[in-house]
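Shown here: entry_24.txt, compact mmCIF, C-alpha atoms.
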```txt
# COMPACT_ATOMS: atom_id res chain seq x y z
CA LEU J 7 204.07 116.87 -29.63
CA ASP J 8 206.77 115.17 -31.62
CA THR J 9 206.65 111.61 -30.28
CA PRO J 10 203.87 109.10 -29.63
CA GLU J 11 204.67 109.37 -25.92
CA ALA J 12 204.27 113.16 -25.93
CA ILE J 13 200.95 112.89 -27.78
CA ALA J 14 199.69 110.30 -25.28
CA GLU J 15 200.76 112.51 -22.37
CA SER J 16 199.01 115.47 -23.96
CA TYR J 17 195.75 113.55 -24.18
CA GLN J 18 196.11 112.35 -20.58
CA PHE J 19 196.53 115.98 -19.53
CA ARG J 20 193.55 117.06 -21.61
CA LEU J 21 191.40 114.33 -20.04
CA GLY J 22 192.24 115.70 -16.61
CA VAL J 23 191.72 119.35 -17.43
CA GLU J 24 188.74 119.21 -19.77
CA CYS J 25 186.74 116.67 -17.80
CA VAL J 26 187.31 118.49 -14.51
CA ALA J 27 186.26 121.78 -16.15
CA LEU J 28 182.84 120.25 -16.85
CA ARG J 29 182.47 119.48 -13.14
CA ALA J 30 183.47 122.96 -11.94
CA PRO J 31 180.83 124.40 -9.61
CA THR J 32 180.96 127.57 -11.71
CA PHE J 33 180.24 125.74 -15.00
CA ARG J 34 177.50 127.54 -16.92
CA ALA J 35 176.90 127.05 -20.62
CA GLU J 36 175.96 130.06 -22.71
CA PRO J 37 172.88 129.09 -24.76
CA GLU J 38 173.72 131.37 -27.70
CA ARG J 39 177.28 130.04 -27.99
CA LEU J 40 176.04 126.48 -27.59
CA ALA J 41 173.63 127.01 -30.49
CA GLN J 42 176.44 128.49 -32.61
CA LEU J 43 178.67 125.48 -31.97
CA ARG J 44 175.83 123.06 -32.68
CA ASP J 45 175.03 124.84 -35.96
CA ALA J 46 178.68 124.90 -37.01
CA HIS J 47 179.02 121.15 -36.40
CA ARG J 48 175.81 120.40 -38.28
CA ALA J 49 177.09 122.50 -41.19
CA VAL J 50 180.20 120.32 -41.33
CA LEU J 51 178.03 117.22 -41.44
CA ASP J 52 175.88 118.70 -44.21
CA ARG J 53 178.67 119.55 -46.65
CA PRO J 54 181.09 117.41 -48.64
CA ARG J 55 184.41 116.68 -46.98
CA ALA J 56 186.17 118.33 -49.94
CA ASP J 57 184.64 121.65 -48.86
CA MET J 58 186.26 121.43 -45.41
CA THR J 59 189.70 122.97 -45.09
CA ARG J 60 192.12 121.78 -42.47
CA GLN J 61 192.21 125.27 -40.96
CA ALA J 62 188.41 125.36 -40.65
CA TRP J 63 188.29 121.89 -39.08
CA PHE J 64 191.03 122.70 -36.59
CA ALA J 65 189.38 126.03 -35.69
CA LEU J 66 186.01 124.38 -35.05
CA ASN J 67 187.54 121.54 -33.04
CA ALA J 68 189.70 123.91 -30.98
CA ALA J 69 186.77 126.29 -30.40
CA PHE J 70 184.61 123.42 -29.16
CA HIS J 71 187.14 122.31 -26.55
CA GLU J 72 188.08 125.84 -25.53
CA THR J 73 184.43 126.85 -25.18
CA LEU J 74 183.70 123.91 -22.88
CA ALA J 75 186.65 124.93 -20.71
CA GLY J 76 185.52 128.55 -20.86
CA TRP J 77 182.10 127.68 -19.49
CA SER J 78 183.86 126.58 -16.30
CA HIS J 79 184.62 130.27 -15.74
CA ASN J 80 188.07 129.22 -14.56
CA ARG J 81 190.87 131.04 -16.36
CA PHE J 82 193.37 128.27 -15.62
CA PHE J 83 191.31 125.61 -17.39
CA VAL J 84 190.93 127.93 -20.38
CA GLN J 85 194.65 128.70 -20.48
CA ALA J 86 195.52 125.00 -20.31
CA VAL J 87 193.17 124.11 -23.18
CA ARG J 88 194.48 127.02 -25.28
CA GLN J 89 198.05 125.86 -24.68
CA GLN J 90 197.15 122.33 -25.76
CA ASN J 91 195.42 123.68 -28.87
CA ASN J 92 198.53 125.68 -29.71
CA LEU J 93 200.71 122.60 -29.30
CA ARG J 94 198.35 120.50 -31.45
CA ARG J 95 197.94 123.05 -34.25
CA MET J 96 200.86 122.12 -36.52
CA LYS J 97 200.52 118.36 -36.15
CA GLU J 98 196.75 118.40 -36.64
CA LEU J 99 196.97 120.62 -39.70
CA ALA J 100 199.66 118.40 -41.20
CA VAL J 101 197.68 115.16 -40.85
CA PHE J 102 194.26 116.51 -41.88
CA THR J 103 194.54 115.32 -45.48
CA SER J 104 195.08 111.76 -44.26
CA LEU J 105 192.27 111.96 -41.69
CA ASP J 106 189.49 109.53 -42.49
CA PRO J 107 186.36 111.47 -43.48
CA GLU J 108 184.36 109.12 -41.27
CA ARG J 109 186.44 110.28 -38.28
CA VAL J 110 185.50 113.91 -38.99
CA ARG J 111 181.84 112.86 -39.05
CA GLN J 112 182.25 110.78 -35.91
CA SER J 113 184.00 113.61 -34.09
CA CYS J 114 181.19 116.02 -35.04
CA ASP J 115 178.61 113.53 -33.80
CA GLU J 116 180.53 113.13 -30.53
CA HIS J 117 180.75 116.91 -30.09
CA LEU J 118 177.02 117.26 -30.78
CA ALA J 119 176.20 114.59 -28.20
CA ILE J 120 178.34 116.39 -25.62
CA LEU J 121 176.64 119.69 -26.41
CA ALA J 122 173.20 118.05 -26.11
CA ALA J 123 174.08 116.68 -22.67
CA VAL J 124 175.39 120.08 -21.58
CA GLU J 125 172.25 121.76 -22.88
CA THR J 126 170.01 119.48 -20.81
CA GLY J 127 172.17 119.92 -17.72
CA GLU J 128 173.44 116.34 -17.73
CA LEU J 129 177.02 117.34 -16.97
CA GLY J 130 178.03 113.93 -15.62
CA PHE J 131 176.91 112.36 -18.89
CA ALA J 132 178.61 115.15 -20.87
CA GLU J 133 181.81 114.43 -18.99
CA ALA J 134 181.57 110.69 -19.74
CA LEU J 135 181.03 111.46 -23.43
CA LEU J 136 183.94 113.91 -23.44
CA ARG J 137 186.18 111.35 -21.73
CA ARG J 138 185.29 108.73 -24.34
CA HIS J 139 185.82 111.28 -27.14
CA LEU J 140 189.28 112.30 -25.89
CA GLU J 141 190.36 108.71 -25.22
CA LEU J 142 189.43 107.68 -28.77
CA ALA J 143 191.03 110.77 -30.31
CA GLY J 144 194.17 110.14 -28.29
CA ARG J 145 194.45 106.54 -29.44
CA LEU J 146 193.91 107.56 -33.06
CA SER J 147 196.40 110.43 -32.81
CA VAL J 148 199.12 108.22 -31.36
CA GLY J 149 198.40 105.65 -34.09
CA ARG J 150 198.54 108.29 -36.84
CA TYR J 151 201.86 109.55 -35.51
CA ALA J 152 203.30 106.08 -35.70
CA THR J 153 202.33 105.81 -39.38
CA ASP J 154 203.28 109.36 -40.47
```
Do you think you could lay out the structure here as structure tokens?
Amino acid sequence: LDTPEAIAESYQFRLGVECVALRAPTFRAEPERLAQLRDAHRAVLDRPRADMTRQAWFALNAAFHETLAGWSHNRFFVQAVRQQNNLRRMKELAVFTSLDPERVRQSCDEHLAILAAVETGELGFAEALLRRHLELAGRLSVGRYATD
């Protein structure tokens, strides 16, 4: 992910894979894991940004996306999301210090809204929220690359 074009293509791929995973007929959320993710996101919102390391933020963000794919119970979706997380790791860690604290908060809020929709079984709504989340993150990532 070393050019704006590659980053944009990565997010287009993620939109396809992650949104389709939510629609898989085998999609089943695990209530205990959902609660863990929700609690972890709320903990981020409750502490000062200075207490958040880039490794912790990346791990939480990656776990969120990988868990959603995992709930599809389709190994290929999970593998694709893991591969994207591996590709994103170095770039995301490098730009964390310049990431607007409001974007971290916004991303947590978006993740929490997606989890809430999953929890209530509103998978179509969860997919729409995930699509919006990934589209915004993609635009911001391409923009950050251009200014790095």
- Query: Which distance in Å separates CA of Ala12 in chain J and CA of His139 in chain J, to one decimal?
  - Reply: 18.6 Å
- Task: Would you kindly return, as a PyMOL selection string, each protein, DNA or RNA residue with an atom no farther than 7 Å from any atom of range 74-85 of chain J, considering all atoms listed in the file and excluding same-chain residues fewer than 4 positions away?
- Result: chain J and resi 23-24+27-28+30+32-35+70+89
As lines of an AutoDock Vina configuration file, please: the centre and edge lengths in Å, to one decimal, of an axis-aligned box enclosing every listed atom of range 111-129 of chain J with 6 Å added on each side.
```
center_x = 177.0
center_y = 116.3
center_z = -28.0
size_x = 26.0
size_y = 23.0
size_z = 34.1
```
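Neighbouring residues of Arg88 in chain J at 9 Å or closer, counting all atoms listed in the file and skipping chain neighbours under 6 positions away, are J:Ala68, J:His71, J:Glu72.
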Could you save the residues just selected, with C-alpha atoms, as a compact mmCIF listing (two decimals), keeping the file's coordinate frame?
```
# COMPACT_ATOMS: atom_id res chain seq x y z
CA ALA J 68 189.70 123.91 -30.98
CA HIS J 71 187.14 122.31 -26.55
CA GLU J 72 188.08 125.84 -25.53
```
- Message: I'd like the interatomic distance between CA of Ala132 in chain J and CA of Arg109 in chain J, to a tenth of an Å.
- Response: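 We find that CA of Ala132 in chain J and CA of Arg109 in chain J lie 19.7 Å from each other.
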- Query: Do you have the CA of Ala86 in chain J-CA of Gln61 in chain J distance handy?
  - Reply: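 These atoms are spaced 20.9 Å apart.
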- Item | Which of J:Glu36, J:Ser16, J:Glu125, J:Ala46 sits closest to Ala65 in chain J [using all atoms listed in the file] |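 Comparing J:Glu36, J:Ser16, J:Glu125, J:Ala46 against Ala65 in chain J, the winner is J:Ala46.
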- Which of these, J:Gly144, J:Gly149, J:Ile120, J:His47, has the shortest distance to Glu15 in chain J once you count all atoms listed in the file?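 So, comparing all the options, the nearest one is J:Gly144.
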- Note on the structure: Counting only C-alpha atoms, the residue among J:Leu121, J:Leu93, J:Leu129, J:Cys114 that lies closest to Ala49 in chain J is J:Cys114
- Item | Spatial neighbours of Leu135 in chain J, 9 Å, all atoms listed in the file, chain gap at least 4 places, as a list in words | Glu116, His117, Ala119, Ile120, Ala123, Gly130, Phe131, His139 and Leu140 of chain J
